[in-house]
Amino acid sequence: MEVKKEKEKNKKKRELISIVVPCYNEEETVNIYFKEMDKLSKEMDYDMEFIFVNDGSKDKTLEILKDLAKKDDRVKYISFSRNFGKEAGMLAGFEYAKGDYITTMDVDLQDPPETLKEMIRLIKEEGYDSVGMRRVSREGEPPIRSFFARCFYKLINKMSAIEMVDGARDYRLMTRQMLDAILSMKEYNRYSKGIFGYVGFNTKWLEYKNIERVAGETKWSFWKLFKYAIEGIVAFSTVPLVVASFLGVLLCLIAFIFIVTIVVKTLIFASPVSGWVTLASIVTLIGGLQLLFIGVIGEYLAKTYLETKKRPIYIVKDTNATK
Ligand code: UDP
Ligand code: MG
């Protein structure tokens with residue numbers, strides 16, 4: 001009896017890892033993923049909870065998740081009323097997570113589950129607050145996509161004080177303390193690569209080679225990625241606005257030099273002012289620049305507008321989880 005009680009006590013003392021898994025049209029992958037994770041959980045000395053977020057899937061993802069939840073009480077599902085995007089999915093999972101350690105993973109097994117062991121070891125034994133995964137190769141990805149991705153990271157790291165690591169996945173294990181810091185960032189336009197960087201803490205990066213999806217297709221089109229990149233810049237840098245002011249000052253200076261030249265030419269050398277082509281091109285150039293930067297300011301204004309509305313980031317339609 002005593003022994004049993006002791007065992008029970010030990011069991012209760014096990015720490016909990018929450019795994020947040022956003023899913024959008026993933027009927028082909030959910031079961032494969034869970035099988036892998038179930039296997040892994042048996043090898044680890046931690047309790048686990050799986051928070052699957054169904055991000056408005058149009059296929060059978062929700063049915064499969066409900067089925068899993070019935071069979072295994074570690075499985076929680078949160079189902080959105082429509083597709084809100086992966087960022088919203090991660091946030092929902094984080095808000096519902098109860099774990100001492102929290103991670104988010106793709107359901108397509110592109111994030112190697114095995115490394116979870118190493119991640120938790122690094123946090124527990126070496127005192128890191130978070131351990132992330134970084135892709136050092138982009139095999140299996142269209143070369144043009146990789147090229148733009150690299151350019152993007154170079155650009156944003158120049159433009160923003162927050163460090164964004166090239167190839168960093170969302171897959172990372174973190175402590176409760178770090179997660180609470182992330183949750184305290186209440187912005188509507190969430191860009192987690194920036195948010196993770198913003199909260200700081202001590203992060204260890206594990207490097208790995210890109211792994212292709214087990215099944216299904218990527219949800220990212222080139223256009224979607226481009227928009228995501230712009231969002232990242234607007235959310236974590238105001239450099240484009242500074243560029244606007246800088247160019248404004250520069251153009252004023254040039255204009256001033258022009259004026260002086262013209263005045264001198266007319267008064268001293270009495271030569272007539274000529275060249276409407278030059279004039280026309282200058283007017284178009286400046287007009288174009290003005291429109292461009294009105295656009296840039298518009299981007300920031302639009303984000304501010306959306307922030308002030310304080311709309312919910314996601315809407316839950318169905319769940320078996322509690323906050
Ligand atoms: N995902 C999501 N909502 C979306 C798009 C994607 O929850 O609107 C999920 C998707 O199911 C997957 C993860 O986010 O678990 C990463 O998506 P994907 O594999 O398409 O991205 P990639 O790995 O190609 O960057
Ligand atoms: Mg993927």
# chains A, B, ... in the order shown; residues from 1 in each chain; ligands from 1

call {"tool": "residues_near_ligand", "arguments": {"ligand": "ligand 1", "cutoff": "10 Å", "atoms": "only C-alpha atoms and all ligand atoms", "output": "count of residues only"}}
result
50

call {"tool": "residues_around", "arguments": {"residues": "A:Lys76", "least_positions_apart": "3", "cutoff": "8 Å", "atoms": "only C-alpha atoms", "output": "JSON list (two decimals) with N, CA and C atoms, in the first residue's frame"}}
result
[["chain", "number", "residue", "atom", "x", "y", "z"],
["A", 49, "GLU", "N", 0.75, 16.95, -22.63],
["A", 49, "GLU", "CA", -0.59, 17.23, -23.13],
["A", 49, "GLU", "C", -0.45, 17.74, -24.55],
["A", 50, "PHE", "N", -1.35, 17.30, -25.39],
["A", 50, "PHE", "CA", -1.29, 17.71, -26.80],
["A", 50, "PHE", "C", -2.46, 18.65, -27.07],
["A", 51, "ILE", "N", -2.15, 19.87, -27.44],
["A", 51, "ILE", "CA", -3.23, 20.80, -27.74],
["A", 51, "ILE", "C", -3.28, 21.02, -29.24],
["A", 52, "PHE", "N", -4.20, 20.33, -29.88],
["A", 52, "PHE", "CA", -4.34, 20.49, -31.33],
["A", 52, "PHE", "C", -5.29, 21.65, -31.59],
["A", 69, "ALA", "N", -9.09, 12.45, -29.18],
["A", 69, "ALA", "CA", -9.37, 12.93, -27.83],
["A", 69, "ALA", "C", -10.18, 11.89, -27.04],
["A", 73, "ASP", "N", -6.79, 10.77, -23.22],
["A", 73, "ASP", "CA", -7.20, 12.01, -22.55],
["A", 73, "ASP", "C", -6.09, 13.05, -22.45],
["A", 319, "THR", "N", -14.41, 23.01, -28.28],
["A", 319, "THR", "CA", -13.17, 22.57, -27.63],
["A", 319, "THR", "C", -13.45, 21.62, -26.48],
["A", 320, "ASN", "N", -12.50, 20.82, -26.11],
["A", 320, "ASN", "CA", -12.63, 20.01, -24.90],
["A", 320, "ASN", "C", -11.59, 20.46, -23.86],
["A", 321, "ALA", "N", -10.96, 21.62, -24.14],
["A", 321, "ALA", "CA", -9.92, 22.11, -23.24],
["A", 321, "ALA", "C", -10.47, 23.26, -22.38]]

call {"tool": "select_by_dssp", "arguments": {"residues": "stretch 12-239 of chain A", "states": "strand (DSSP E or B)", "output": "VMD selection string"}}
result
chain A and resid 16 to 23 47 to 54 75 to 80 101 to 104 130 to 135 168 to 175 203 to 208

call {"tool": "closest_residue", "arguments": {"among": "A:Lys98, A:Phe222, A:Leu206, A:Tyr300", "to": "A:Glu118", "atoms": "only C-alpha atoms"}}
result
A:Leu206

call {"tool": "atom_distance", "arguments": {"atom1": "atom CA of A:Ile315", "atom2": "atom CA of A:Tyr188"}}
result
13.3 Å

call {"tool": "closest_residue", "arguments": {"among": "A:Ile144, A:Glu95, A:Pro112, A:Ser18", "to": "ligand 2", "atoms": "only C-alpha atoms and all ligand atoms"}}
result
A:Pro112

call {"tool": "closest_residue", "arguments": {"among": "A:Gly295, A:Gly200, A:Gly288, A:Pro240", "to": "A:Leu179", "atoms": "only C-alpha atoms"}}
result
A:Gly200

call {"tool": "closest_residue", "arguments": {"among": "A:Tyr46, A:Tyr171, A:Phe148, A:Tyr77", "to": "ligand 2", "atoms": "only C-alpha atoms and all ligand atoms"}}
result
A:Tyr171

call {"tool": "select_by_dssp", "arguments": {"residues": "stretch 3-84 of chain A", "states": "helix (DSSP H, G or I)", "output": "PyMOL selection string"}}
result
chain A and resi 3-13+30-43+61-71

call {"tool": "write_last_selection", "arguments": {"atoms": "C-alpha atoms", "output": "tab-separated table (two decimals), in the first residue's frame"}}
result
chain	number	residue	atom	x	y	z
A	3	VAL	CA	4.73	1.57	-2.02
A	4	LYS	CA	1.74	2.20	-4.23
A	5	LYS	CA	1.14	5.54	-2.57
A	6	GLU	CA	4.75	6.45	-2.99
A	7	LYS	CA	4.56	5.52	-6.66
A	8	GLU	CA	1.45	7.60	-7.11
A	9	LYS	CA	3.19	10.55	-5.50
A	10	ASN	CA	6.15	10.19	-7.81
A	11	LYS	CA	3.84	10.00	-10.76
A	12	LYS	CA	2.14	13.22	-9.75
A	13	LYS	CA	5.45	14.95	-9.39
A	30	VAL	CA	-2.60	14.06	-37.74
A	31	ASN	CA	-2.63	10.33	-37.09
A	32	ILE	CA	0.92	9.78	-38.34
A	33	TYR	CA	2.07	12.63	-36.13
A	34	PHE	CA	0.30	11.43	-33.03
A	35	LYS	CA	1.63	7.91	-33.42
A	36	GLU	CA	5.18	9.28	-33.45
A	37	MET	CA	4.55	11.50	-30.45
A	38	ASP	CA	2.88	8.75	-28.50
A	39	LYS	CA	5.94	6.60	-29.05
A	40	LEU	CA	8.20	9.42	-27.95
A	41	SER	CA	6.17	10.21	-24.84
A	42	LYS	CA	6.70	6.66	-23.60
A	43	GLU	CA	10.44	7.21	-23.73
A	61	THR	CA	-9.17	17.14	-39.39
A	62	LEU	CA	-11.65	17.96	-36.61
A	63	GLU	CA	-13.31	14.54	-36.71
A	64	ILE	CA	-9.91	12.89	-36.48
A	65	LEU	CA	-8.93	15.11	-33.55
A	66	LYS	CA	-12.16	14.37	-31.70
A	67	ASP	CA	-11.56	10.71	-32.26
A	68	LEU	CA	-8.07	10.98	-30.83
A	69	ALA	CA	-9.37	12.93	-27.83
A	70	LYS	CA	-11.85	10.15	-27.12
A	71	LYS	CA	-9.13	7.53	-27.14

call {"tool": "closest_residue", "arguments": {"among": "A:Asn202, A:Gln290, A:Thr322, A:Thr308", "to": "A:Asn189", "atoms": "only C-alpha atoms"}}
result
A:Thr308
